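Have a look at the structure below, then the notes.
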Amino acid sequence: MATATIFRTARVSMPIEPALLIPVVGAGILIYLAVLPLLMLLVGSFQAEVAPREFVYTLKNYHAAYASEYTYSTFLNSLIFASGSAGLSFLLGTLLAWLTERTNTPLRGIFVPIAVVPLILPGVLESIAWIFLLSPKFGYLNVWLMSLFSLQSPPFNVFSLPGMIWVHSVGQVPLAFLLMVAAFKSMDPSLEESAMMSGAGTLQTFRRITLRLLMPTAASVVLILFVRTLESFETPALIGIPARIYVYTSEIFLAFNEYPPDYGRGGALAVGLLLLSAVGVWMYTRATKEGKKFQTVTGKAFRPRQFDLGAWRWAGFGFLMTYFLFVVLLPFLVLFWASFLPFFAAPSWDALKKLSFDNYTYLYGFRPFWQAMQNSIILSSLTATVAMVLTSLVAWIVYKSRLPGSWILDFLAFVPITIPGIVMGMALILLYVAFPIPIYGTIWVLLIAYVTRFIPYGMRAASGSILQIHSELEEAAAASGASWWESFKRVTLPLLRPGLVAGWIYICIVSFREFSTSVLLATGESRVLSILLFTMFEQGQVTVVAAIGVLMIATLLAIVAVFYKLTGRVGIQT
Amino acid sequence: MIEVKSLVKIFDDGDNAGVKAVNDISFTVEEGRFYTLLGPSGCGKTTTLRCIAGLEKANEGEILVAGKKVFSAGDGTFVPAHRRPIGMVFQSYAIWPHMTVFENVAFPLRVGKQRFSSADIKKKVNNALGQVELGGYEDRMATQLSGGQQQRLALARALVREPQVLLLDEPLSNLDAKLRERMRFELRELQRRLRITTLYVTHDQIEALSMSNVIAVMNSGVIVQEGGPRDVYMQPKSKFVANFIGSTNQLNGRVSKIDNDGVGSVQTDDGEISCQLLEGLTVGSNAVVMIRPESINLHIQRPGNVANLVQGKIGAAMFLGEYVDCTVELGTNVLQTHQRHTLQVRRGDPVWIELPPGDCMALPTER
């Protein structure tokens with residue numbers, strides 16, 4: 001129906017010449033990618049068996065999913081995990097953002113890039129690193145603290161709900177930090193200054209003005225952190241499952257991993273998670289729209305007021321240093337250290353003698369590693385390319401073509417943001433097990449999954465740069481005698497390039513570290529690096545896993561380096 | 001050179017009816033002329049220009065450029081923008097930021113149907129840049145130019161193809177006052193030298209008056225008056241035109257006498273004023289007499305034997321450098337006048353006002 005509307009009305013008022021087929025094809029692709037799997041998931045969750053000859057309606061899946069003895073504990077675990085992580089990462093992120101943006105803490109400038117560094121660490125590795133540090137049996141921090149204070153039992157146990165919350169939170173802090181920095185940056189200092197001129201003291205100003213102005217943004221940030229935790233699977237897989245603490249994502253995974261796999265129950269659980277996530281995203285978009293009502297961003301560049309912390313600024317500095325050493329640096333160090341060990345051991349003179357490149361030489365001849373590396377590189381670059389080509393076309397149609405009904409394309413391209421990774425995996429299994437295209441078990445089903453999931457990111461990059469291009473720049477090309485294609489090739493595309501390159505790199509990175517979709521879809525030959533890490537870690541080859549992790553981080557760093565070089569070169573000063 | 005016949009352009013506004021941005025407009029621009037569409041924002045002047053350029057598709061009417069039909073609602077003709085023999089300068093200049101000055105100007109030569117050798121391109125670009133005095137800037141990035149230079153670059157780009165028609169969409173509105181004054185002069189000189197047919201869109205009356213051969217004043221999607229700058233200024237046919245172009249004094253009254261040749265008298269609260277009458281006025285009908293501030297003569301002593309002499313006193317006098325802006329209170333009306341800067345008067349001084357009949361214009365009162 002959607003495509004029909006676009007086609008019919010497009011005929012009447014299209015002033016310039018691009019083929020009318022493009023929007024229809026675009027809508028078709030988006031429906032195929034984003035809507036069809038969800039429909040299949042919904043159908044599958046009401047189905048008696050997978051890929052049946054005829055459809056038999058049943059509620060037994062929902063019964064199995066939501067009326068079992070575990071229903072209550074899973075619900076409670078998910079709730080505590082998600083709200084705990086959202087709260088903790090919000091607090092840490094806000095504190096970091098406030099200290100670096102709004103106070104006179106010493107050296108605050110250098111902590112801004114440092115706070116973002118953990119983004120480079122894939123979630124799987126984040127969990128593994130913290131297991132190395134906080135495992136009750138062999139965790140470095142536990143061992144040290146026990147010998148230092150001659151404790152009887154380990155002070156930390158990562159295999160617990162607080163442990164999961166901690167590990168997931170530190171991985172999410174950069175996101176909270178970036179969002180809150182933006183909020184602090186966009187605040188007009190004169191709003192606070194006029195409160196002070198009205199006689200309010202520093203504390204009163206902070207409480208009555210600063211905090212109130214931040215409320216809408218803060219609420220939406222907490223909400224998005226909550227939803228993202230609910231959707232995540234890295235920590236629930238690596239820490240939650242061994243600790244027997246199950247959340248929704250791990251329940252879905254376990255339903256799939258039973259023998260025989262219970263796709264029906266997995267589907268029913270996935271539908272529930274999808275609904276939760278959709279409600280969260282809906283509330284988030286509403287909250288951010290509400291926030292715009294008393295938005296303090298005016299496009300002016302502000303120099304935010306700085307709070308003088310007095311002697312407390314050294315406390316702030318101490319916090320930043322501690323955060324940097326223990327939260328940012330330590331996970332990298334422990335992975336690096338472990339990658340040279342034959343078996344896991346605490347740093348000591350003894351262990352130092354055992355250091356070797358054995359793990360790396362082993363990997364050199366280890367075929368599954370190269371297979372996974374190849375898959376990951378092919379997939380991430382293909383995903384980024386396909387997603388950017390698709391989204392730049394869609395964004396052009398939505399924002400430039402003035403076609404009536406193009407908002408449908410915009411909406412369709414936004415839908416995947418509500419789909420949790422593991423739900424996407426579940427939906428694609430249900431789709432391609434039944435579908436006559438033999439791509440299940442290959443990297444092509446992963447490509448479809450990645451492209452679908454990252455379309456919203458591509459849309460943001462593409463629409464951002466398309467909106468920046470003044471339409472007169474394209475009209476001037478037409479008035480100079482350029483056809484639609486010449487104008488697109490010589491004017492639109494070159495102007496879009498920086499934004500598209502940035503989007504490409506971003507999608508490349510998130511695809512490279514993707515875990516929660518791949519965990520259901522990547523098997524055997526189609527395994528990617530994050531999945532290889534997961535399975536080898538489960539098998540206990542922890543030091544080889546550390547070596548893979550180091551190589552994975554090195555590859556990601558290389559991508560980022562290329563990104564900086566490219567954007568530096570193609571950047572346009574306007 | 002440009003012929004626009006009964007052009008109608010409707011924009012969708014969600015309703016079925018839509019908004020008529022251009023409502024049945026017809027005009028002709030003769031070859032080599034400088035023709036200006038003048039009007040307030042939202043009057044449809046830019047939409048008309050964009051229809052001629054081919055950037056908008058009109059709903060009704062016909063457009064001919066250089067004798068060739070480029071649009072006709074009747075037979076469905078629509079020549080796309082890039083096939084029309086036009087050059088255009090945009091309000092934002094639309095200089096491509098990813099190209100050098102040379103590449104910006106060379107662009108029309110590289111994308112057109114006609115192919116040029118690189119030597120030809122070089123020659124033509126240099127020539128075009130020379131015309132706008134941008135020689136020597138070829139290798140600069142376009143974004144490194146100042147506002148005025150970007151404006152001239154946009155002009156060079158529009159001219160390099162040697163188009164039959166030049167379209168200018170408020171090209172001076174982004175410049176500061178001093179630069180605008182100079183560019184007005186340069187643009188007019190260039191147009192005269194190249195003898196290129198030019199259609200100019202502006203909301204600035206001074207630009208329109210100083211540059212144009214013909215001005216069409218537009219309001220609400222229609223042309224309300226067309227004529228030479230002098231005609232439009234001195235003989236406005238409606239209150240809208242009189243008010244929109246320059247400042248003007250208005251005296252309400254009733255037609256008391258009609259002589260031959262469109263001359264007559266209007267009885268106002270401050271006496272009978274002989275003036276020119278617009279066609280269609282009859283004795284007894286309500287009328288408003290328009291007179292420009294600079295047309296009013298002010299006398300300290302009563303002059304002998306002049307027409308339309310009214311006594312009043314100075315209300316306020318403001319020294320503005322070039323002239324003195326001086327209001328005079330009559331019995332009921334207050335007139336604004338511009339006087340020589342040598343005038344020395346004070347508030348309350350008695351003065352005599354002379355309204356030259358040739359500069360007074362009576363229009364029907366609009367309801």
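Residue numbering restarts at 1 in every chain; chains get A, B, ... in the order shown in the structure tokens, and ligands count up from 1 in that same order.
Taking the backbone of this structure through DSSP, the residues of region 110-187 of chain B that come out as strand (DSSP E) are B:Val165, B:Leu166, B:Leu167, B:Leu168, B:Asp169.
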Exercise for review: Select residues of chain B: the criterion is any atom within 7 Å of an atom of chain A, counting only C-alpha atoms; output as number ranges by chain.
Suggested key: B: 53, 56-57, 81-83, 86-88, 90, 94-98, 108, 111-112, 143, 158
Write the residues of the selection above to a file with N, CA and C atoms, as an mmCIF file, in the first residue's frame.
```cif
data_model
loop_
_atom_site.group_PDB
_atom_site.id
_atom_site.type_symbol
_atom_site.label_atom_id
_atom_site.label_comp_id
_atom_site.auth_asym_id
_atom_site.auth_seq_id
_atom_site.Cartn_x
_atom_site.Cartn_y
_atom_site.Cartn_z
ATOM 1 N N ALA B 53 13.498 29.589 -15.304
ATOM 2 C CA ALA B 53 14.750 28.825 -15.269
ATOM 3 C C ALA B 53 14.507 27.334 -15.470
ATOM 4 N N GLU B 56 11.198 25.201 -11.402
ATOM 5 C CA GLU B 56 9.829 24.864 -10.992
ATOM 6 C C GLU B 56 9.046 24.603 -12.259
ATOM 7 N N LYS B 57 8.034 23.755 -12.123
ATOM 8 C CA LYS B 57 7.166 23.499 -13.258
ATOM 9 C C LYS B 57 5.846 24.198 -12.981
ATOM 10 N N ALA B 81 15.762 22.306 -16.888
ATOM 11 C CA ALA B 81 16.599 23.484 -16.638
ATOM 12 C C ALA B 81 17.906 23.449 -17.419
ATOM 13 N N HIS B 82 18.543 22.264 -17.463
ATOM 14 C CA HIS B 82 19.873 22.237 -18.059
ATOM 15 C C HIS B 82 19.861 22.301 -19.576
ATOM 16 N N ARG B 83 18.672 22.265 -20.190
ATOM 17 C CA ARG B 83 18.604 22.413 -21.644
ATOM 18 C C ARG B 83 18.131 23.800 -22.057
ATOM 19 N N ILE B 86 20.101 29.572 -20.528
ATOM 20 C CA ILE B 86 20.085 30.584 -19.483
ATOM 21 C C ILE B 86 21.355 30.542 -18.640
ATOM 22 N N GLY B 87 21.619 31.657 -17.981
ATOM 23 C CA GLY B 87 22.620 31.684 -16.920
ATOM 24 C C GLY B 87 21.911 32.254 -15.720
ATOM 25 N N MET B 88 22.254 31.763 -14.531
ATOM 26 C CA MET B 88 21.510 32.231 -13.367
ATOM 27 C C MET B 88 22.443 32.500 -12.200
ATOM 28 N N PHE B 90 22.266 32.972 -8.080
ATOM 29 C CA PHE B 90 21.359 32.697 -6.969
ATOM 30 C C PHE B 90 21.603 33.658 -5.818
ATOM 31 N N ALA B 94 25.475 30.203 -4.355
ATOM 32 C CA ALA B 94 25.611 28.785 -4.676
ATOM 33 C C ALA B 94 26.958 28.459 -5.299
ATOM 34 N N ILE B 95 28.012 29.008 -4.704
ATOM 35 C CA ILE B 95 29.371 28.671 -5.139
ATOM 36 C C ILE B 95 29.708 27.293 -4.580
ATOM 37 N N TRP B 96 30.178 26.389 -5.435
ATOM 38 C CA TRP B 96 30.479 25.039 -4.963
ATOM 39 C C TRP B 96 31.758 25.055 -4.128
ATOM 40 N N PRO B 97 31.649 24.659 -2.869
ATOM 41 C CA PRO B 97 32.792 24.818 -1.957
ATOM 42 C C PRO B 97 33.911 23.813 -2.211
ATOM 43 N N HIS B 98 33.627 22.754 -2.982
ATOM 44 C CA HIS B 98 34.668 21.744 -3.188
ATOM 45 C C HIS B 98 35.459 21.997 -4.457
ATOM 46 N N PRO B 108 30.060 24.849 -16.209
ATOM 47 C CA PRO B 108 29.025 24.871 -17.258
ATOM 48 C C PRO B 108 29.563 24.431 -18.623
ATOM 49 N N VAL B 111 29.863 20.346 -18.558
ATOM 50 C CA VAL B 111 28.697 19.468 -18.434
ATOM 51 C C VAL B 111 27.697 19.649 -19.563
ATOM 52 N N GLY B 112 27.846 20.716 -20.342
ATOM 53 C CA GLY B 112 26.848 21.004 -21.365
ATOM 54 C C GLY B 112 26.885 20.012 -22.511
ATOM 55 N N THR B 143 35.822 29.039 -1.544
ATOM 56 C CA THR B 143 35.379 29.493 -0.222
ATOM 57 C C THR B 143 36.318 30.525 0.373
ATOM 58 N N ALA B 158 27.674 32.253 -14.451
ATOM 59 C CA ALA B 158 26.423 32.347 -15.192
ATOM 60 C C ALA B 158 26.662 32.823 -16.620
#
```
Exercise for review: Using CA of Val181 (chain A) and CA of Glu101 (chain A) as the two end points, give the distance in Å to one decimal.
Suggested key: 6.8 Å
What's the 9 Å shell around region 522-525 of chain A, counting only C-alpha atoms, without same-chain residues fewer than 6 positions away, as a JSON list (two decimals) with N, CA, C and O atoms, in the first residue's frame?
```json
[["chain", "number", "residue", "atom", "x", "y", "z"],
["A", 368, "PRO", "N", 40.82, -21.37, 11.68],
["A", 368, "PRO", "CA", 39.56, -20.70, 12.05],
["A", 368, "PRO", "C", 39.75, -19.21, 12.36],
["A", 368, "PRO", "O", 38.86, -18.41, 12.10],
["A", 371, "GLN", "N", 39.94, -17.47, 9.03],
["A", 371, "GLN", "CA", 38.59, -17.50, 8.46],
["A", 371, "GLN", "C", 37.72, -16.42, 9.09],
["A", 371, "GLN", "O", 37.06, -15.64, 8.41],
["A", 372, "ALA", "N", 37.78, -16.34, 10.45],
["A", 372, "ALA", "CA", 36.95, -15.36, 11.15],
["A", 372, "ALA", "C", 37.40, -13.95, 10.84],
["A", 372, "ALA", "O", 36.58, -13.04, 10.64],
["A", 375, "ASN", "N", 36.15, -13.14, 7.42],
["A", 375, "ASN", "CA", 34.71, -12.88, 7.48],
["A", 375, "ASN", "C", 34.41, -11.50, 8.05],
["A", 375, "ASN", "O", 33.60, -10.75, 7.52],
["A", 441, "GLY", "N", 23.32, -19.85, 7.41],
["A", 441, "GLY", "CA", 24.60, -20.49, 7.69],
["A", 441, "GLY", "C", 25.74, -19.91, 6.90],
["A", 441, "GLY", "O", 26.88, -20.33, 7.05],
["A", 442, "THR", "N", 25.47, -18.92, 6.02],
["A", 442, "THR", "CA", 26.56, -18.27, 5.28],
["A", 442, "THR", "C", 26.74, -16.86, 5.83],
["A", 442, "THR", "O", 25.95, -16.38, 6.65],
["A", 443, "ILE", "N", 27.77, -16.15, 5.35],
["A", 443, "ILE", "CA", 27.96, -14.79, 5.85],
["A", 443, "ILE", "C", 26.93, -13.84, 5.23],
["A", 443, "ILE", "O", 26.80, -12.71, 5.68],
["A", 445, "VAL", "N", 23.67, -14.04, 5.26],
["A", 445, "VAL", "CA", 22.58, -13.75, 6.19],
["A", 445, "VAL", "C", 23.07, -12.75, 7.25],
["A", 445, "VAL", "O", 22.33, -11.88, 7.71],
["A", 446, "LEU", "N", 24.36, -12.83, 7.59],
["A", 446, "LEU", "CA", 24.93, -11.84, 8.51],
["A", 446, "LEU", "C", 24.96, -10.46, 7.88],
["A", 446, "LEU", "O", 24.68, -9.45, 8.52],
["A", 531, "ILE", "N", 32.49, -13.92, 17.63],
["A", 531, "ILE", "CA", 31.93, -15.24, 17.95],
["A", 531, "ILE", "C", 33.06, -16.24, 18.24],
["A", 531, "ILE", "O", 32.96, -17.07, 19.14]]
```
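In this comparison, which uses only C-alpha atoms, the residue of A:Phe307, A:Phe149, A:Trp144, A:Phe319 approaching Phe206 (chain A) most closely is A:Phe307.
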Tell me, as an mmCIF file with all heavy atoms, in the first residue's frame, which residues lie within 7 Å of region 163-180 of chain B, counting only C-alpha atoms; anything in the same chain fewer than 4 positions away does not count.
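The resulting result.cif:
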```cif
data_model
loop_
_atom_site.group_PDB
_atom_site.id
_atom_site.type_symbol
_atom_site.label_atom_id
_atom_site.label_comp_id
_atom_site.auth_asym_id
_atom_site.auth_seq_id
_atom_site.Cartn_x
_atom_site.Cartn_y
_atom_site.Cartn_z
ATOM 1 N N THR B 46 10.164 35.458 -7.201
ATOM 2 C CA THR B 46 11.185 34.413 -7.324
ATOM 3 C C THR B 46 10.602 33.159 -7.975
ATOM 4 O O THR B 46 11.261 32.514 -8.785
ATOM 5 C CB THR B 46 11.773 34.089 -5.940
ATOM 6 O OG1 THR B 46 12.460 35.241 -5.467
ATOM 7 C CG2 THR B 46 12.749 32.939 -6.005
ATOM 8 N N ALA B 66 14.141 33.031 -25.930
ATOM 9 C CA ALA B 66 14.848 33.150 -27.204
ATOM 10 C C ALA B 66 14.019 32.542 -28.334
ATOM 11 O O ALA B 66 14.540 31.835 -29.192
ATOM 12 C CB ALA B 66 16.223 32.480 -27.126
ATOM 13 N N PRO B 85 18.647 27.922 -22.529
ATOM 14 C CA PRO B 85 19.804 28.792 -22.797
ATOM 15 C C PRO B 85 19.901 29.932 -21.780
ATOM 16 O O PRO B 85 19.790 31.105 -22.136
ATOM 17 C CB PRO B 85 19.520 29.322 -24.204
ATOM 18 C CG PRO B 85 18.026 29.368 -24.277
ATOM 19 C CD PRO B 85 17.512 28.250 -23.413
ATOM 20 N N ILE B 86 20.101 29.572 -20.528
ATOM 21 C CA ILE B 86 20.085 30.584 -19.483
ATOM 22 C C ILE B 86 21.355 30.542 -18.640
ATOM 23 O O ILE B 86 22.045 29.535 -18.587
ATOM 24 C CB ILE B 86 18.901 30.363 -18.513
ATOM 25 C CG1 ILE B 86 18.879 28.903 -18.069
ATOM 26 C CG2 ILE B 86 17.602 30.793 -19.127
ATOM 27 C CD1 ILE B 86 18.060 28.638 -16.855
ATOM 28 N N GLY B 87 21.619 31.657 -17.981
ATOM 29 C CA GLY B 87 22.620 31.684 -16.920
ATOM 30 C C GLY B 87 21.911 32.254 -15.720
ATOM 31 O O GLY B 87 21.030 33.097 -15.856
ATOM 32 N N MET B 88 22.254 31.763 -14.531
ATOM 33 C CA MET B 88 21.510 32.231 -13.367
ATOM 34 C C MET B 88 22.443 32.500 -12.200
ATOM 35 O O MET B 88 23.391 31.767 -11.957
ATOM 36 C CB MET B 88 20.468 31.176 -12.974
ATOM 37 C CG MET B 88 19.604 31.568 -11.802
ATOM 38 S SD MET B 88 18.104 30.565 -11.745
ATOM 39 C CE MET B 88 17.421 31.097 -10.178
ATOM 40 N N VAL B 89 22.139 33.577 -11.469
ATOM 41 C CA VAL B 89 22.868 33.883 -10.238
ATOM 42 C C VAL B 89 21.883 33.760 -9.079
ATOM 43 O O VAL B 89 20.797 34.344 -9.126
ATOM 44 C CB VAL B 89 23.476 35.293 -10.269
ATOM 45 C CG1 VAL B 89 24.118 35.623 -8.927
ATOM 46 C CG2 VAL B 89 24.502 35.392 -11.376
ATOM 47 N N PHE B 90 22.266 32.972 -8.080
ATOM 48 C CA PHE B 90 21.359 32.697 -6.969
ATOM 49 C C PHE B 90 21.603 33.658 -5.818
ATOM 50 O O PHE B 90 22.679 34.229 -5.685
ATOM 51 C CB PHE B 90 21.553 31.263 -6.489
ATOM 52 C CG PHE B 90 21.095 30.240 -7.469
ATOM 53 C CD1 PHE B 90 21.886 29.886 -8.546
ATOM 54 C CD2 PHE B 90 19.860 29.632 -7.328
ATOM 55 C CE1 PHE B 90 21.465 28.949 -9.461
ATOM 56 C CE2 PHE B 90 19.438 28.688 -8.231
ATOM 57 C CZ PHE B 90 20.240 28.346 -9.304
ATOM 58 N N GLN B 91 20.588 33.754 -4.981
ATOM 59 C CA GLN B 91 20.682 34.658 -3.830
ATOM 60 C C GLN B 91 21.861 34.297 -2.927
ATOM 61 O O GLN B 91 22.573 35.151 -2.442
ATOM 62 C CB GLN B 91 19.380 34.592 -3.043
ATOM 63 C CG GLN B 91 19.325 35.623 -1.942
ATOM 64 C CD GLN B 91 17.976 35.662 -1.275
ATOM 65 O OE1 GLN B 91 17.088 34.880 -1.592
ATOM 66 N NE2 GLN B 91 17.803 36.582 -0.360
ATOM 67 N N GLY B 147 32.727 37.970 0.250
ATOM 68 C CA GLY B 147 31.338 37.980 -0.202
ATOM 69 C C GLY B 147 31.171 38.611 -1.574
ATOM 70 O O GLY B 147 30.538 38.048 -2.463
ATOM 71 N N GLY B 148 31.793 39.763 -1.778
ATOM 72 C CA GLY B 148 31.660 40.453 -3.059
ATOM 73 C C GLY B 148 32.306 39.669 -4.189
ATOM 74 O O GLY B 148 31.781 39.611 -5.302
ATOM 75 N N LEU B 159 27.743 33.600 -16.838
ATOM 76 C CA LEU B 159 27.969 34.201 -18.150
ATOM 77 C C LEU B 159 28.833 33.348 -19.057
ATOM 78 O O LEU B 159 28.827 33.526 -20.265
ATOM 79 C CB LEU B 159 28.633 35.572 -17.983
ATOM 80 C CG LEU B 159 27.753 36.654 -17.356
ATOM 81 C CD1 LEU B 159 28.586 37.891 -17.071
ATOM 82 C CD2 LEU B 159 26.591 36.991 -18.278
ATOM 83 N N ARG B 184 25.859 47.305 -7.786
ATOM 84 C CA ARG B 184 24.727 47.755 -8.582
ATOM 85 C C ARG B 184 25.238 48.404 -9.855
ATOM 86 O O ARG B 184 24.803 48.094 -10.958
ATOM 87 C CB ARG B 184 23.976 48.803 -7.752
ATOM 88 C CG ARG B 184 22.505 48.696 -7.843
ATOM 89 C CD ARG B 184 21.843 49.223 -6.607
ATOM 90 N NE ARG B 184 22.216 50.579 -6.271
ATOM 91 C CZ ARG B 184 22.142 51.082 -5.057
ATOM 92 N NH1 ARG B 184 21.711 50.331 -4.066
ATOM 93 N NH2 ARG B 184 22.489 52.314 -4.816
ATOM 94 N N ILE B 196 23.203 41.728 -22.786
ATOM 95 C CA ILE B 196 22.521 40.459 -22.542
ATOM 96 C C ILE B 196 21.158 40.725 -21.910
ATOM 97 O O ILE B 196 21.024 41.571 -21.021
ATOM 98 C CB ILE B 196 23.378 39.543 -21.638
ATOM 99 C CG1 ILE B 196 22.691 38.193 -21.459
ATOM 100 C CG2 ILE B 196 23.654 40.159 -20.269
ATOM 101 C CD1 ILE B 196 23.582 37.153 -20.835
ATOM 102 N N THR B 197 20.167 40.033 -22.415
ATOM 103 C CA THR B 197 18.819 40.167 -21.876
ATOM 104 C C THR B 197 18.819 39.692 -20.426
ATOM 105 O O THR B 197 19.266 38.587 -20.134
ATOM 106 C CB THR B 197 17.838 39.296 -22.677
ATOM 107 O OG1 THR B 197 18.054 39.552 -24.052
ATOM 108 C CG2 THR B 197 16.407 39.586 -22.291
ATOM 109 N N THR B 198 18.335 40.531 -19.523
ATOM 110 C CA THR B 198 18.462 40.220 -18.100
ATOM 111 C C THR B 198 17.122 40.329 -17.393
ATOM 112 O O THR B 198 16.387 41.298 -17.582
ATOM 113 C CB THR B 198 19.457 41.188 -17.438
ATOM 114 O OG1 THR B 198 20.701 41.093 -18.111
ATOM 115 C CG2 THR B 198 19.648 40.855 -15.972
ATOM 116 N N LEU B 199 16.821 39.299 -16.612
ATOM 117 C CA LEU B 199 15.638 39.357 -15.754
ATOM 118 C C LEU B 199 16.122 39.369 -14.319
ATOM 119 O O LEU B 199 16.854 38.491 -13.886
ATOM 120 C CB LEU B 199 14.723 38.155 -16.001
ATOM 121 C CG LEU B 199 13.427 38.151 -15.187
ATOM 122 C CD1 LEU B 199 12.562 39.345 -15.525
ATOM 123 C CD2 LEU B 199 12.644 36.869 -15.431
ATOM 124 N N TYR B 200 15.708 40.408 -13.587
ATOM 125 C CA TYR B 200 16.266 40.668 -12.269
ATOM 126 C C TYR B 200 15.123 40.620 -11.259
ATOM 127 O O TYR B 200 14.066 41.190 -11.487
ATOM 128 C CB TYR B 200 16.896 42.057 -12.294
ATOM 129 C CG TYR B 200 17.746 42.398 -11.113
ATOM 130 C CD1 TYR B 200 19.098 42.130 -11.111
ATOM 131 C CD2 TYR B 200 17.200 43.028 -10.006
ATOM 132 C CE1 TYR B 200 19.895 42.472 -10.029
ATOM 133 C CE2 TYR B 200 17.980 43.370 -8.918
ATOM 134 C CZ TYR B 200 19.337 43.087 -8.936
ATOM 135 O OH TYR B 200 20.122 43.421 -7.869
ATOM 136 N N VAL B 201 15.357 39.924 -10.156
ATOM 137 C CA VAL B 201 14.329 39.846 -9.121
ATOM 138 C C VAL B 201 14.856 40.508 -7.855
ATOM 139 O O VAL B 201 15.971 40.221 -7.423
ATOM 140 C CB VAL B 201 13.969 38.372 -8.837
ATOM 141 C CG1 VAL B 201 13.353 38.223 -7.468
ATOM 142 C CG2 VAL B 201 13.014 37.856 -9.889
ATOM 143 N N THR B 202 14.080 41.422 -7.293
ATOM 144 C CA THR B 202 14.532 42.088 -6.075
ATOM 145 C C THR B 202 13.353 42.628 -5.272
ATOM 146 O O THR B 202 12.259 42.786 -5.804
ATOM 147 C CB THR B 202 15.500 43.239 -6.402
ATOM 148 O OG1 THR B 202 15.982 43.797 -5.194
ATOM 149 C CG2 THR B 202 14.807 44.317 -7.204
#
```
**Study point:** Selection near Glu329 (chain B), 6 Å with only C-alpha atoms, sequence-local residues under 2 positions removed, as a list in words
**Key:** Gly312, Lys313, Gly315 and Val334 of chain B
Check your understanding: Near Ala287 (chain B), counting only C-alpha atoms, which residues have an atom at most 9 Å away, once you skip same-chain residues fewer than 4 positions from it, shown as a ChimeraX atom specification?
Key -> /B:251-255,266,281,362-366
Those residues with C-alpha atoms, as a PDB file, in the first residue's frame please?
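Result saved to again_2.pdb:
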```pdb
ATOM      1  CA  LEU B 251      -3.965  63.475   1.420  1.00  0.00           C
ATOM      2  CA  ASN B 252      -7.538  62.191   1.392  1.00  0.00           C
ATOM      3  CA  GLY B 253     -10.264  64.143  -0.349  1.00  0.00           C
ATOM      4  CA  ARG B 254     -12.909  64.259  -3.052  1.00  0.00           C
ATOM      5  CA  VAL B 255     -12.506  65.103  -6.732  1.00  0.00           C
ATOM      6  CA  VAL B 266      -9.133  67.413  -5.333  1.00  0.00           C
ATOM      7  CA  LEU B 281     -11.946  59.222 -11.418  1.00  0.00           C
ATOM      8  CA  ALA B 362      -4.681  61.514  -7.387  1.00  0.00           C
ATOM      9  CA  LEU B 363      -5.645  57.840  -7.103  1.00  0.00           C
ATOM     10  CA  PRO B 364      -8.998  56.339  -6.274  1.00  0.00           C
ATOM     11  CA  THR B 365      -9.365  55.530  -2.585  1.00  0.00           C
ATOM     12  CA  GLU B 366      -9.011  51.811  -2.095  1.00  0.00           C
TER      13      GLU B 366
END
```
Exercise for review: For Arg110 (chain B), work out the shell of residues within 9 Å, counting only C-alpha atoms and skipping chain neighbours fewer than 5 positions away, then give it as a ChimeraX atom specification.
Suggested key: /A:482 /B:115-116,121
Exercise for review: Write down as a count of residues only the residues of region 80-125 of chain B whose backbone DSSP state falls under helix (DSSP H, G or I).
Suggested key: 22
Practice item. Enter the distance from CA of Lys122 (chain B) to CA of Glu31 (chain B), in Å, rounded to one decimal. Key: 28.7 Å
Check your understanding: With only C-alpha atoms as the atoms that count, which of A:Ile417, A:Gly163, A:Ile548, A:Ile455 lies nearest to Tyr360 (chain A)?
Key -> A:Ile548
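Of the residues under consideration (A:Ala427, A:Met388, A:Leu59, A:Ile80), A:Met388 shows the shortest atom-to-atom contact distance to Tyr457 (chain A) when counting only C-alpha atoms.
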